[in-house]
2 protein chains.
Amino acid sequence: MPPATVTIASGSTWQEVAADRQAYRDASIARLTPSLPDIPSIPLNAIPLAKQILTAAEVKITETTVEELVPKLATGELKATDVVKAFLRRAGVAQRALARAVDGQTNCVTELLPERALQRAAFLDTYLSEHDKPLGPLHGLPISVKEHLGMKDCDLNGGFVAWVGKVSKEDAHLLQILWAAGAVFYVRTTQPQSLMHLETSSNLYGVTTNPFNTTLTSGGSSGGEGALIGFRGSILGIGSDIGGSIRSPAANNGVYGFKPTTMRVPNFGMVATMFGSEQILPTFGPLSTSLEGCKLFMKTVIDSKPWLKEPSLLPFPWKDDDAYRGRKPKIAVLWDDGVVKPHPPVTRALRQVIEKLKAKDNVEIVEWIPYKHDEAWAIIANLYFCDGGEEDFVVFREADEPERPLTTHILRNEHVQAHTISSMWQAVQRRDAYRMAYAHHWNSTATSTGPRGELHGMVDAILCPAVPGAAPKLDTSRWWGYTSQWNLLDLPAVVFPVDRVDPAQYSAAEKYTPRNEKDRYNWDLWELHGAEGYRNAPVSLQLVGRRYEDEKLIQTLEIVKAEAGIPFVDYL
Amino acid sequence: MPPATVTIASGSTWQEVAADRQAYRDASIARLTPSLPDIPSIPLNAIPLAKQILTAAEVKITETTVEELVPKLATGELKATDVVKAFLRRAGVAQRALARAVDGQTNCVTELLPERALQRAAFLDTYLSEHDKPLGPLHGLPISVKEHLGMKDCDLNGGFVAWVGKVSKEDAHLLQILWAAGAVFYVRTTQPQSLMHLETSSNLYGVTTNPFNTTLTSGGSSGGEGALIGFRGSILGIGSDIGGSIRSPAANNGVYGFKPTTMRVPNFGMVATMFGSEQILPTFGPLSTSLEGCKLFMKTVIDSKPWLKEPSLLPFPWKDDDAYRGRKPKIAVLWDDGVVKPHPPVTRALRQVIEKLKAKDNVEIVEWIPYKHDEAWAIIANLYFCDGGEEDFVVFREADEPERPLTTHILRNEHVQAHTISSMWQAVQRRDAYRMAYAHHWNSTATSTGPRGELHGMVDAILCPAVPGAAPKLDTSRWWGYTSQWNLLDLPAVVFPVDRVDPAQYSAAEKYTPRNEKDRYNWDLWELHGAEGYRNAPVSLQLVGRRYEDEKLIQTLEIVKAEAGIPFVDYL
């Protein structure tokens, strides 16, 4: 049980509530044994700090992938206790490292859970020795959790000051499933105010920065996960995504992030504003240092038949069969969405991947013409907040908490409208018409038609930017289109690391005349800071599949990775 | 091409528009060759009229089932032209028979399509002789279509006077699929004003009565289909269901009606008010004289991969595998929903089925305790019309058309509310909480729990009333709960014929004190009219499956039918 919490209900100011949450978090780190040193000054690249502070054994454990760790835990070659201790310490280092980076109160962690994690690990170690078999497919695997997914007896504030002091009575459904499979929960991670930034900044915990370049954002809204996993304070974590919130932090921190099609992964037990809104649906999903980690997460969750308890979920089993059976995947490349041109590091990474794929010729490459991605943004930005954002504004006012810049950017964007039922229905019709048109576009891209109208040679996946640049400077992540496009269409999408920015590769300035104000804003960020401003930032790409072809999408990325030799660089 | 339509735009009164639609319909029947005789007086039971008017060959064809007809059409043993001619004539008889039953303008048909159906059939006959193989799995099969599913170049009024004169530019997506599979469309059928009655009465076409007892309703809203198929003017038709609109007419007319889980069968190209509403979703589905007919419809539609064109649909293939593999189905029997007690014919049919199943012991029977079906009704009745019904009222006012009694009953029911976005979100939360609770109820009914929380022996299907009586007297179908319950939960449900009312079976009056006003209203209908009032009316039951277990549900009904020897009577 956490100690009593300072809340606005007790008459505290929002600053007092925030200070309380930060002290609570810091105390959870201070309880680690052996204790962690203070970190006096943070380099631009915080990654090497881990090796300086942790033991060699801890480094080895935390730099292992999920697929390497799971069998060792299942056989007892590694004890769950030793593994979670190492991750607790590395998560603590991640927090302390990033905590000093900007203004003395930034972070990726909302709390460590040393007592419950060690108790759980001890139970699992005993279980294994007594039963001579693991508890389940995730036996002993430490998993990090975005804060707004409720955990029994823990605060559940969702990043809102006014909600501090709400405590979950039970674990969220998704956590119950992972728990039954043998997982260990040991850390909870930050999210931005409103949960609707592609960065992570809140009045409760400040700004979450990027471990690869501490002048940059971790992305968001699952930015605590992104930064923590990029730092290897976790190798598998849970994020949520309604416009890019798994994929932006995955892309910015050089890790894998998988946004499934909606209604496959449980939502029950999470908090957010606008509960009951159905026009655009969120989904939980994994971030991991490996694609295999994402796949194991998905398979474990879906094999548990979560639809029996949460009947809004679809009863598709997880499919393990080969989607290709010897034929070549056909991948369409989308270089630019026609609204905001990606920065040169993204285009360069995409070009290199395509060149490698073409050279080996085991994947067919065609061009993808973007279909009205500006209209797509207008539709989804209008449907996110059908009440005009009022429910969020009420929660802000309740705690007298100020709006963060990116909150204003999204909640007061030009497409937001306080809908009537009737105007919302019209907006939904517009959404559905767009979805039909985009499906037609997919059906007719590079296909041939048989005698009875059947389609042959359909594109299997779209390869495209994940975000319109490498990890951005703080408070500049304004264009959601590269990720929100696939939320609007409810297509599964996976982000994967390809490269890091090496400024030496970008000596010549590229001349470009922006097409519109959004394009200009993004391009100016590149011209203003130059490649040097993004030194060492991860560069990632995205692969998008057809609706509910989640399994096939992962298989396609496995092929693309193997064929193109991705990633091109090491991240540690 | 239909002749130009009179519309309210030209200044006509609603009565003039209705007269025009009826004259248009009558003219389509008058064009049949050989022409049909007038029917001077209608008996209580209209079914025998067909044999009196049609040729023996026509009777034989139209009293064939889908599964008997399809192979004969595929091999050329029967010509598509002969088949559709027989169905056109029998549909014409159905219309003329029922047209005199009440007030001289009642009906089940909105128009026959002799020219296009005969042209299509001729094409198919030529195709078969030239290619020596059928065009597709429905080669030459006549299919009837509820009017609000758009057909190229035809009026698409949805039962609203104001919408007369709207003409579809192309066939609805569902019709395109059936067309590609070889179907012949030859008749369009009636629906009630607002599409939201469990009967079929509109200002355009009057009242659709029941061919088995012309003092009773056909049910609705797919009541034109129900009456037509009950009369064998069709053996496979398309209905739609958001609260019982496939199942009520199937039940009342002694035919099979299958409401799939939503998002499997295409909606695109239909009209209704409140387009864009997502809180409770409608679905199209089949009515047929055989369960096999329903199954072939579903399999054909889903095998066509409709999700490629209409991406809101789910890409589940149709599963042909055995869901039981030798084990016994476990069926829970729901005798009474705890709100409105079914009339004795329903309870008698249910009891007989259960006795037969128990006697053979190849099906396990357990009891189903209804879980708050009154609350379920409050939730769904609130969510049907989130704008408080305004969109319907606007359309009525546009044509100055009066509200029919059952329109008022549903659109102005005690649970209707003109929602704000915020209050709608709260209502959706209430819906989702109920769905979770009902899933929990299902999971914990007659199950045992394994060591890691896994459930064993889950109920496979619920056997229950389809509607709270045999086919009702006109304008008395007020209680939707036996069907709308499964729309709220989005569970697949199939209605099947069991018996017909034989007044001799009900000599002793049953003493019963109703529990509430709804219960009293329904019970009074039985006491007032007695069994004699429902003479010959079909008595049907309903089987309900788990969400998206559509295929398993059909298999389960195949087993139940075989084990219990259902139906107990002939219908012709």
# chains A, B, ... in the order shown; residues from 1 in each chain; ligands from 1
>>> select_by_dssp(residues="range 129-252 of chain B", states="strand (DSSP E or B)", output="ChimeraX atom specification")
/B:142-146,149,152,155,167-168,184-189,201-202,206-207,209-210,213-217,236-241
>>> interface_residues(of="chain B", to="chain A", cutoff="6 Å", atoms="only C-alpha atoms", output="ChimeraX atom specification")
/B:276-277,310,387,421,425,428-429,436
>>> write_last_selection(atoms="N, CA, C and O atoms", output="short mmCIF file (atom, residue, chain, number, x, y, z; two decimals), in the first residue's frame")
data_model
loop_
_atom_site.label_atom_id
_atom_site.label_comp_id
_atom_site.auth_asym_id
_atom_site.auth_seq_id
_atom_site.Cartn_x
_atom_site.Cartn_y
_atom_site.Cartn_z
N GLY B 276 -24.33 6.84 -39.02
CA GLY B 276 -23.17 7.34 -38.27
C GLY B 276 -23.27 7.01 -36.80
O GLY B 276 -22.31 7.16 -36.06
N SER B 277 -24.45 6.53 -36.37
CA SER B 277 -24.60 6.10 -34.98
C SER B 277 -23.88 4.77 -34.79
O SER B 277 -23.99 3.87 -35.61
N GLU B 310 -15.21 -3.07 -47.81
CA GLU B 310 -15.88 -2.37 -46.71
C GLU B 310 -15.08 -2.64 -45.44
O GLU B 310 -15.31 -3.63 -44.73
N ASP B 387 -30.16 11.01 -30.51
CA ASP B 387 -30.62 12.39 -30.73
C ASP B 387 -32.06 12.58 -30.24
O ASP B 387 -32.71 13.56 -30.61
N ILE B 421 -23.01 14.85 -26.02
CA ILE B 421 -21.88 13.94 -26.21
C ILE B 421 -21.52 13.31 -24.85
O ILE B 421 -21.30 12.11 -24.75
N TRP B 425 -21.63 9.33 -23.76
CA TRP B 425 -20.46 8.58 -23.27
C TRP B 425 -20.80 7.81 -21.99
O TRP B 425 -20.38 6.68 -21.81
N VAL B 428 -22.81 4.82 -22.87
CA VAL B 428 -21.96 3.77 -23.45
C VAL B 428 -21.19 3.03 -22.35
O VAL B 428 -21.04 1.81 -22.39
N GLN B 429 -20.74 3.77 -21.36
CA GLN B 429 -20.06 3.11 -20.23
C GLN B 429 -21.00 2.13 -19.52
O GLN B 429 -20.60 1.05 -19.12
N MET B 436 -19.91 -6.56 -19.86
CA MET B 436 -18.91 -7.28 -19.06
C MET B 436 -19.60 -8.17 -18.03
O MET B 436 -19.20 -9.32 -17.81
#
>>> closest_residue(among="B:Asp337, B:Asp155, B:Asp321, B:Asp132", to="Val271 in chain B", atoms="only C-alpha atoms")
B:Asp155
>>> select_by_dssp(residues="range 70-198 of chain B", states="helix (DSSP H, G or I)", output="compact mmCIF listing (two decimals) with N, CA, C and O atoms, in the first residue's frame")
# COMPACT_ATOMS: atom_id res chain seq x y z
N VAL B 70 -30.32 -25.36 -55.38
CA VAL B 70 -29.02 -24.91 -55.88
C VAL B 70 -28.32 -25.95 -56.77
O VAL B 70 -27.86 -25.61 -57.86
N PRO B 71 -28.26 -27.23 -56.37
CA PRO B 71 -27.59 -28.19 -57.26
C PRO B 71 -28.35 -28.40 -58.57
O PRO B 71 -27.73 -28.63 -59.60
N LYS B 72 -29.67 -28.29 -58.51
CA LYS B 72 -30.44 -28.47 -59.75
C LYS B 72 -30.19 -27.31 -60.71
O LYS B 72 -30.14 -27.50 -61.93
N LEU B 73 -30.06 -26.11 -60.17
CA LEU B 73 -29.74 -24.96 -61.01
C LEU B 73 -28.31 -25.05 -61.54
O LEU B 73 -28.02 -24.67 -62.67
N ALA B 74 -27.42 -25.57 -60.71
CA ALA B 74 -26.00 -25.62 -61.08
C ALA B 74 -25.75 -26.63 -62.20
O ALA B 74 -24.82 -26.48 -62.99
N THR B 75 -26.59 -27.65 -62.24
CA THR B 75 -26.39 -28.68 -63.27
C THR B 75 -27.28 -28.46 -64.48
O THR B 75 -27.13 -29.15 -65.49
N ALA B 80 -32.79 -21.47 -64.71
CA ALA B 80 -32.97 -20.28 -63.87
C ALA B 80 -34.24 -19.53 -64.27
O ALA B 80 -34.96 -18.99 -63.42
N THR B 81 -34.53 -19.51 -65.56
CA THR B 81 -35.72 -18.79 -66.04
C THR B 81 -37.00 -19.41 -65.48
O THR B 81 -37.88 -18.68 -65.00
N ASP B 82 -37.08 -20.71 -65.50
CA ASP B 82 -38.29 -21.36 -64.97
C ASP B 82 -38.43 -21.15 -63.47
O ASP B 82 -39.53 -20.97 -62.95
N VAL B 83 -37.31 -21.19 -62.82
CA VAL B 83 -37.33 -21.02 -61.36
C VAL B 83 -37.79 -19.62 -60.98
O VAL B 83 -38.68 -19.43 -60.14
N VAL B 84 -37.21 -18.62 -61.61
CA VAL B 84 -37.58 -17.26 -61.19
C VAL B 84 -39.00 -16.92 -61.63
O VAL B 84 -39.72 -16.20 -60.93
N LYS B 85 -39.44 -17.48 -62.75
CA LYS B 85 -40.84 -17.27 -63.15
C LYS B 85 -41.80 -17.80 -62.07
O LYS B 85 -42.79 -17.16 -61.73
N ALA B 86 -41.49 -18.97 -61.56
CA ALA B 86 -42.34 -19.56 -60.51
C ALA B 86 -42.35 -18.69 -59.27
O ALA B 86 -43.42 -18.43 -58.67
N PHE B 87 -41.16 -18.19 -58.88
CA PHE B 87 -41.12 -17.36 -57.67
C PHE B 87 -41.77 -16.00 -57.90
O PHE B 87 -42.40 -15.45 -56.99
N LEU B 88 -41.63 -15.45 -59.09
CA LEU B 88 -42.31 -14.18 -59.38
C LEU B 88 -43.82 -14.37 -59.23
O LEU B 88 -44.51 -13.53 -58.61
N ARG B 89 -44.32 -15.45 -59.75
CA ARG B 89 -45.76 -15.67 -59.68
C ARG B 89 -46.21 -15.94 -58.24
O ARG B 89 -47.22 -15.42 -57.79
N ARG B 90 -45.43 -16.71 -57.51
CA ARG B 90 -45.85 -16.98 -56.13
C ARG B 90 -45.74 -15.71 -55.28
O ARG B 90 -46.58 -15.48 -54.39
N ALA B 91 -44.73 -14.91 -55.54
CA ALA B 91 -44.63 -13.63 -54.80
C ALA B 91 -45.82 -12.74 -55.15
O ALA B 91 -46.36 -12.03 -54.29
N GLY B 92 -46.23 -12.76 -56.40
CA GLY B 92 -47.40 -11.99 -56.80
C GLY B 92 -48.65 -12.47 -56.08
O GLY B 92 -49.46 -11.66 -55.62
N VAL B 93 -48.79 -13.78 -55.97
CA VAL B 93 -49.94 -14.33 -55.23
C VAL B 93 -49.87 -13.90 -53.75
O VAL B 93 -50.89 -13.51 -53.16
N ALA B 94 -48.68 -13.97 -53.19
CA ALA B 94 -48.52 -13.57 -51.78
C ALA B 94 -49.00 -12.14 -51.60
O ALA B 94 -49.76 -11.82 -50.67
N GLN B 95 -48.57 -11.28 -52.48
CA GLN B 95 -48.97 -9.88 -52.38
C GLN B 95 -50.49 -9.72 -52.51
O GLN B 95 -51.13 -9.07 -51.70
N ARG B 96 -51.05 -10.35 -53.55
CA ARG B 96 -52.50 -10.19 -53.76
C ARG B 96 -53.30 -10.83 -52.63
O ARG B 96 -54.34 -10.31 -52.23
N ALA B 97 -52.80 -11.93 -52.13
CA ALA B 97 -53.51 -12.59 -51.03
C ALA B 97 -53.53 -11.68 -49.81
O ALA B 97 -54.59 -11.38 -49.25
N LEU B 98 -52.38 -11.23 -49.43
CA LEU B 98 -52.31 -10.44 -48.20
C LEU B 98 -52.85 -9.04 -48.42
O LEU B 98 -53.26 -8.37 -47.48
N ALA B 99 -52.88 -8.61 -49.68
CA ALA B 99 -53.33 -7.24 -49.95
C ALA B 99 -54.79 -7.04 -49.60
O ALA B 99 -55.21 -5.93 -49.34
N PRO B 114 -39.92 -8.17 -62.71
CA PRO B 114 -39.95 -9.27 -63.68
C PRO B 114 -38.96 -9.10 -64.82
O PRO B 114 -38.29 -10.06 -65.20
N GLU B 115 -38.83 -7.88 -65.35
CA GLU B 115 -37.98 -7.72 -66.52
C GLU B 115 -36.52 -7.99 -66.18
O GLU B 115 -35.83 -8.75 -66.86
N ARG B 116 -36.03 -7.36 -65.12
CA ARG B 116 -34.61 -7.57 -64.84
C ARG B 116 -34.33 -8.99 -64.35
O ARG B 116 -33.28 -9.55 -64.62
N ALA B 117 -35.30 -9.58 -63.66
CA ALA B 117 -35.07 -10.95 -63.16
C ALA B 117 -35.04 -11.94 -64.33
O ALA B 117 -34.20 -12.84 -64.37
N LEU B 118 -35.93 -11.75 -65.29
CA LEU B 118 -35.96 -12.68 -66.42
C LEU B 118 -34.73 -12.49 -67.32
O LEU B 118 -34.18 -13.47 -67.84
N GLN B 119 -34.31 -11.25 -67.45
CA GLN B 119 -33.11 -10.99 -68.25
C GLN B 119 -31.89 -11.65 -67.58
O GLN B 119 -31.07 -12.30 -68.22
N ARG B 120 -31.81 -11.49 -66.28
CA ARG B 120 -30.71 -12.10 -65.52
C ARG B 120 -30.75 -13.62 -65.63
O ARG B 120 -29.72 -14.27 -65.84
N ALA B 121 -31.93 -14.18 -65.47
CA ALA B 121 -32.06 -15.64 -65.52
C ALA B 121 -31.67 -16.16 -66.90
O ALA B 121 -30.99 -17.19 -67.02
N ALA B 122 -32.07 -15.43 -67.94
CA ALA B 122 -31.71 -15.85 -69.30
C ALA B 122 -30.19 -15.82 -69.47
O ALA B 122 -29.59 -16.73 -70.06
N PHE B 123 -29.57 -14.78 -68.95
CA PHE B 123 -28.11 -14.69 -69.00
C PHE B 123 -27.47 -15.90 -68.31
O PHE B 123 -26.53 -16.52 -68.83
N LEU B 124 -28.00 -16.25 -67.15
CA LEU B 124 -27.42 -17.37 -66.39
C LEU B 124 -27.64 -18.69 -67.12
O LEU B 124 -26.75 -19.55 -67.14
N ASP B 125 -28.80 -18.87 -67.71
CA ASP B 125 -29.05 -20.10 -68.47
C ASP B 125 -28.07 -20.22 -69.65
O ASP B 125 -27.52 -21.28 -69.92
N THR B 126 -27.85 -19.10 -70.33
CA THR B 126 -26.89 -19.10 -71.43
C THR B 126 -25.48 -19.37 -70.92
O THR B 126 -24.73 -20.16 -71.51
N TYR B 127 -25.15 -18.72 -69.80
CA TYR B 127 -23.81 -18.91 -69.22
C TYR B 127 -23.55 -20.39 -68.94
O TYR B 127 -22.51 -20.94 -69.29
N LEU B 128 -24.53 -21.02 -68.33
CA LEU B 128 -24.35 -22.43 -67.96
C LEU B 128 -24.19 -23.31 -69.20
O LEU B 128 -23.33 -24.20 -69.24
N SER B 129 -24.97 -23.02 -70.19
CA SER B 129 -24.86 -23.88 -71.38
C SER B 129 -23.56 -23.61 -72.12
O SER B 129 -22.96 -24.52 -72.68
N GLU B 130 -23.08 -22.38 -72.09
CA GLU B 130 -21.83 -22.07 -72.80
C GLU B 130 -20.59 -22.53 -72.05
O GLU B 130 -19.60 -22.93 -72.64
N HIS B 131 -20.62 -22.39 -70.72
CA HIS B 131 -19.41 -22.69 -69.92
C HIS B 131 -19.47 -24.07 -69.27
O HIS B 131 -18.48 -24.52 -68.71
N VAL B 161 -42.03 8.33 -46.34
CA VAL B 161 -42.68 9.02 -47.46
C VAL B 161 -41.74 10.06 -48.07
O VAL B 161 -41.61 10.17 -49.30
N ALA B 162 -41.04 10.78 -47.22
CA ALA B 162 -40.19 11.87 -47.71
C ALA B 162 -39.05 11.38 -48.60
O ALA B 162 -38.49 12.14 -49.38
N TRP B 163 -38.70 10.12 -48.45
CA TRP B 163 -37.55 9.61 -49.21
C TRP B 163 -37.95 8.97 -50.54
O TRP B 163 -37.10 8.53 -51.30
N HIS B 173 -23.56 -3.11 -51.53
CA HIS B 173 -22.40 -4.02 -51.54
C HIS B 173 -22.82 -5.48 -51.39
O HIS B 173 -22.35 -6.36 -52.11
N LEU B 174 -23.76 -5.72 -50.47
CA LEU B 174 -24.22 -7.10 -50.25
C LEU B 174 -24.85 -7.68 -51.52
O LEU B 174 -24.63 -8.85 -51.86
N LEU B 175 -25.61 -6.86 -52.22
CA LEU B 175 -26.23 -7.35 -53.46
C LEU B 175 -25.17 -7.61 -54.53
O LEU B 175 -25.28 -8.57 -55.31
N GLN B 176 -24.15 -6.79 -54.57
CA GLN B 176 -23.06 -7.03 -55.53
C GLN B 176 -22.42 -8.40 -55.31
O GLN B 176 -22.08 -9.11 -56.26
N ILE B 177 -22.25 -8.74 -54.04
CA ILE B 177 -21.61 -10.02 -53.71
C ILE B 177 -22.51 -11.19 -54.14
O ILE B 177 -22.05 -12.15 -54.76
N LEU B 178 -23.79 -11.08 -53.82
CA LEU B 178 -24.72 -12.16 -54.16
C LEU B 178 -24.88 -12.26 -55.68
O LEU B 178 -24.98 -13.36 -56.23
N TRP B 179 -24.87 -11.11 -56.32
CA TRP B 179 -24.95 -11.07 -57.79
C TRP B 179 -23.74 -11.80 -58.40
O TRP B 179 -23.90 -12.65 -59.28
N ALA B 180 -22.56 -11.48 -57.90
CA ALA B 180 -21.35 -12.14 -58.43
C ALA B 180 -21.40 -13.65 -58.20
O ALA B 180 -20.77 -14.41 -58.93
N GLN B 193 -42.60 1.98 -41.05
CA GLN B 193 -42.15 3.36 -40.84
C GLN B 193 -41.05 3.38 -39.76
O GLN B 193 -41.22 2.77 -38.71
N SER B 194 -39.98 4.03 -40.01
CA SER B 194 -38.84 4.20 -39.09
C SER B 194 -37.95 2.96 -39.04
O SER B 194 -36.90 2.99 -38.44
N LEU B 195 -38.38 1.86 -39.65
CA LEU B 195 -37.63 0.58 -39.60
C LEU B 195 -37.51 0.04 -38.19
O LEU B 195 -36.77 -0.91 -37.95
>>> atom_distance(atom1="CA of Asp361 in chain A", atom2="CA of Arg247 in chain A")
28.1 Å
>>> residues_around(residues="Gly545 in chain B", least_positions_apart="4", cutoff="6 Å", atoms="only C-alpha atoms", output="number ranges by chain")
B: 461, 492, 553
>>> write_last_selection(atoms="N, CA and C atoms", output="compact mmCIF listing (two decimals), in the first residue's frame")
# COMPACT_ATOMS: atom_id res chain seq x y z
N ALA B 461 -24.58 -22.55 -25.95
CA ALA B 461 -25.64 -21.72 -26.53
C ALA B 461 -26.80 -21.62 -25.54
N PRO B 492 -24.64 -13.63 -31.78
CA PRO B 492 -25.38 -14.19 -32.90
C PRO B 492 -26.60 -14.96 -32.39
N LEU B 553 -22.86 -21.65 -33.86
CA LEU B 553 -24.28 -21.54 -33.52
C LEU B 553 -25.13 -22.30 -34.54
>>> closest_residue(among="A:Leu572, A:Ala23, A:Val265, A:Val498", to="Gly230 in chain A", atoms="only C-alpha atoms")
A:Leu572
>>> residues_around(residues="Thr110 in chain B", least_positions_apart="4", cutoff="6 Å", atoms="only C-alpha atoms", output="ChimeraX atom specification")
/B:25,188-190
>>> residues_around(residues="Cys464 in chain A", least_positions_apart="2", cutoff="12 Å", atoms="only C-alpha atoms", output="PyMOL selection string")
chain A and resi 331-337+341-342+346-351+353-354+367-370+461-462+466-469+481-483+485-486+493-496+540-545
>>> atom_distance(atom1="CA of Ala399 in chain A", atom2="CA of Phe160 in chain A")
8.5 Å
>>> residues_around(residues="range 15-19 of chain A", least_positions_apart="3", cutoff="9 Å", atoms="only C-alpha atoms", output="list in words")
Thr5, Val6, Thr7, Ile8, Ser12, Gln22, Ala23, Tyr24, Val161, Ala162, Val164, Asn203, Leu204, Tyr205, Gly206 and Glu401 of chain A
>>> write_last_selection(atoms="N, CA and C atoms", output="PDB file, in the first residue's frame")
ATOM      1  N   THR A   5      -1.561  10.029   0.131  1.00  0.00           N
ATOM      2  CA  THR A   5      -1.134  10.881  -0.964  1.00  0.00           C
ATOM      3  C   THR A   5      -1.650  12.294  -0.740  1.00  0.00           C
ATOM      4  N   VAL A   6      -0.813  13.271  -1.088  1.00  0.00           N
ATOM      5  CA  VAL A   6      -1.301  14.655  -1.093  1.00  0.00           C
ATOM      6  C   VAL A   6      -2.169  14.851  -2.320  1.00  0.00           C
ATOM      7  N   THR A   7      -3.372  15.335  -2.155  1.00  0.00           N
ATOM      8  CA  THR A   7      -4.261  15.535  -3.316  1.00  0.00           C
ATOM      9  C   THR A   7      -4.894  16.911  -3.240  1.00  0.00           C
ATOM     10  N   ILE A   8      -5.472  17.326  -4.351  1.00  0.00           N
ATOM     11  CA  ILE A   8      -6.189  18.602  -4.329  1.00  0.00           C
ATOM     12  C   ILE A   8      -7.396  18.534  -3.411  1.00  0.00           C
ATOM     13  N   SER A  12      -4.498  20.948  -1.368  1.00  0.00           N
ATOM     14  CA  SER A  12      -3.158  21.279  -1.854  1.00  0.00           C
ATOM     15  C   SER A  12      -3.215  21.949  -3.223  1.00  0.00           C
ATOM     16  N   GLN A  22       6.506  13.364  -6.965  1.00  0.00           N
ATOM     17  CA  GLN A  22       7.932  13.217  -7.285  1.00  0.00           C
ATOM     18  C   GLN A  22       8.709  12.691  -6.067  1.00  0.00           C
ATOM     19  N   ALA A  23       8.324  13.178  -4.900  1.00  0.00           N
ATOM     20  CA  ALA A  23       8.981  12.667  -3.682  1.00  0.00           C
ATOM     21  C   ALA A  23       8.662  11.194  -3.488  1.00  0.00           C
ATOM     22  N   TYR A  24       7.417  10.862  -3.780  1.00  0.00           N
ATOM     23  CA  TYR A  24       6.991   9.459  -3.673  1.00  0.00           C
ATOM     24  C   TYR A  24       7.819   8.598  -4.616  1.00  0.00           C
ATOM     25  N   VAL A 161      -3.357  16.070 -12.612  1.00  0.00           N
ATOM     26  CA  VAL A 161      -3.162  16.438 -11.208  1.00  0.00           C
ATOM     27  C   VAL A 161      -4.418  16.099 -10.395  1.00  0.00           C
ATOM     28  N   ALA A 162      -5.579  16.411 -10.970  1.00  0.00           N
ATOM     29  CA  ALA A 162      -6.832  16.233 -10.214  1.00  0.00           C
ATOM     30  C   ALA A 162      -7.092  14.775  -9.863  1.00  0.00           C
ATOM     31  N   VAL A 164      -4.807  12.525  -8.973  1.00  0.00           N
ATOM     32  CA  VAL A 164      -3.884  11.950  -7.988  1.00  0.00           C
ATOM     33  C   VAL A 164      -4.687  11.560  -6.747  1.00  0.00           C
ATOM     34  N   ASN A 203       2.414  18.199 -15.733  1.00  0.00           N
ATOM     35  CA  ASN A 203       2.657  19.028 -14.552  1.00  0.00           C
ATOM     36  C   ASN A 203       3.030  18.193 -13.342  1.00  0.00           C
ATOM     37  N   LEU A 204       2.719  16.913 -13.390  1.00  0.00           N
ATOM     38  CA  LEU A 204       3.048  16.051 -12.258  1.00  0.00           C
ATOM     39  C   LEU A 204       4.521  15.664 -12.248  1.00  0.00           C
ATOM     40  N   TYR A 205       5.049  15.326 -13.418  1.00  0.00           N
ATOM     41  CA  TYR A 205       6.389  14.739 -13.453  1.00  0.00           C
ATOM     42  C   TYR A 205       7.348  15.481 -14.366  1.00  0.00           C
ATOM     43  N   GLY A 206       6.931  16.589 -14.940  1.00  0.00           N
ATOM     44  CA  GLY A 206       7.805  17.327 -15.832  1.00  0.00           C
ATOM     45  C   GLY A 206       7.969  16.654 -17.186  1.00  0.00           C
ATOM     46  N   GLU A 401      -4.728  23.327 -12.805  1.00  0.00           N
ATOM     47  CA  GLU A 401      -3.435  23.042 -13.421  1.00  0.00           C
ATOM     48  C   GLU A 401      -3.344  23.679 -14.800  1.00  0.00           C
TER      49      GLU A 401
END
>>> atom_distance(atom1="CA of Asn487 in chain A", atom2="CA of Ile379 in chain A")
11.2 Å
>>> closest_residue(among="B:Asn413, B:Asn267, B:Ser41, B:Asn157", to="Asn382 in chain B", atoms="only C-alpha atoms")
B:Asn413
>>> closest_residue(among="B:Glu199, B:Glu170, B:Glu517, B:Glu111", to="Ile29 in chain B", atoms="only C-alpha atoms")
B:Glu111
>>> decode(residues="range 476-487 of chain A", atoms="C-alpha atoms", output="tab-separated table (two decimals), in the first residue's frame")
chain	number	residue	atom	x	y	z
A	476	THR	CA	8.05	20.53	-31.31
A	477	SER	CA	6.25	17.23	-32.10
A	478	ARG	CA	3.28	18.73	-33.85
A	479	TRP	CA	2.58	16.57	-36.89
A	480	TRP	CA	0.83	13.33	-36.03
A	481	GLY	CA	-0.03	12.32	-39.58
A	482	TYR	CA	2.54	9.55	-40.03
A	483	THR	CA	1.08	7.64	-37.11
A	484	SER	CA	-2.52	8.90	-36.72
A	485	GLN	CA	-3.21	7.95	-40.37
A	486	TRP	CA	-3.20	4.30	-39.37
A	487	ASN	CA	-5.31	4.88	-36.26
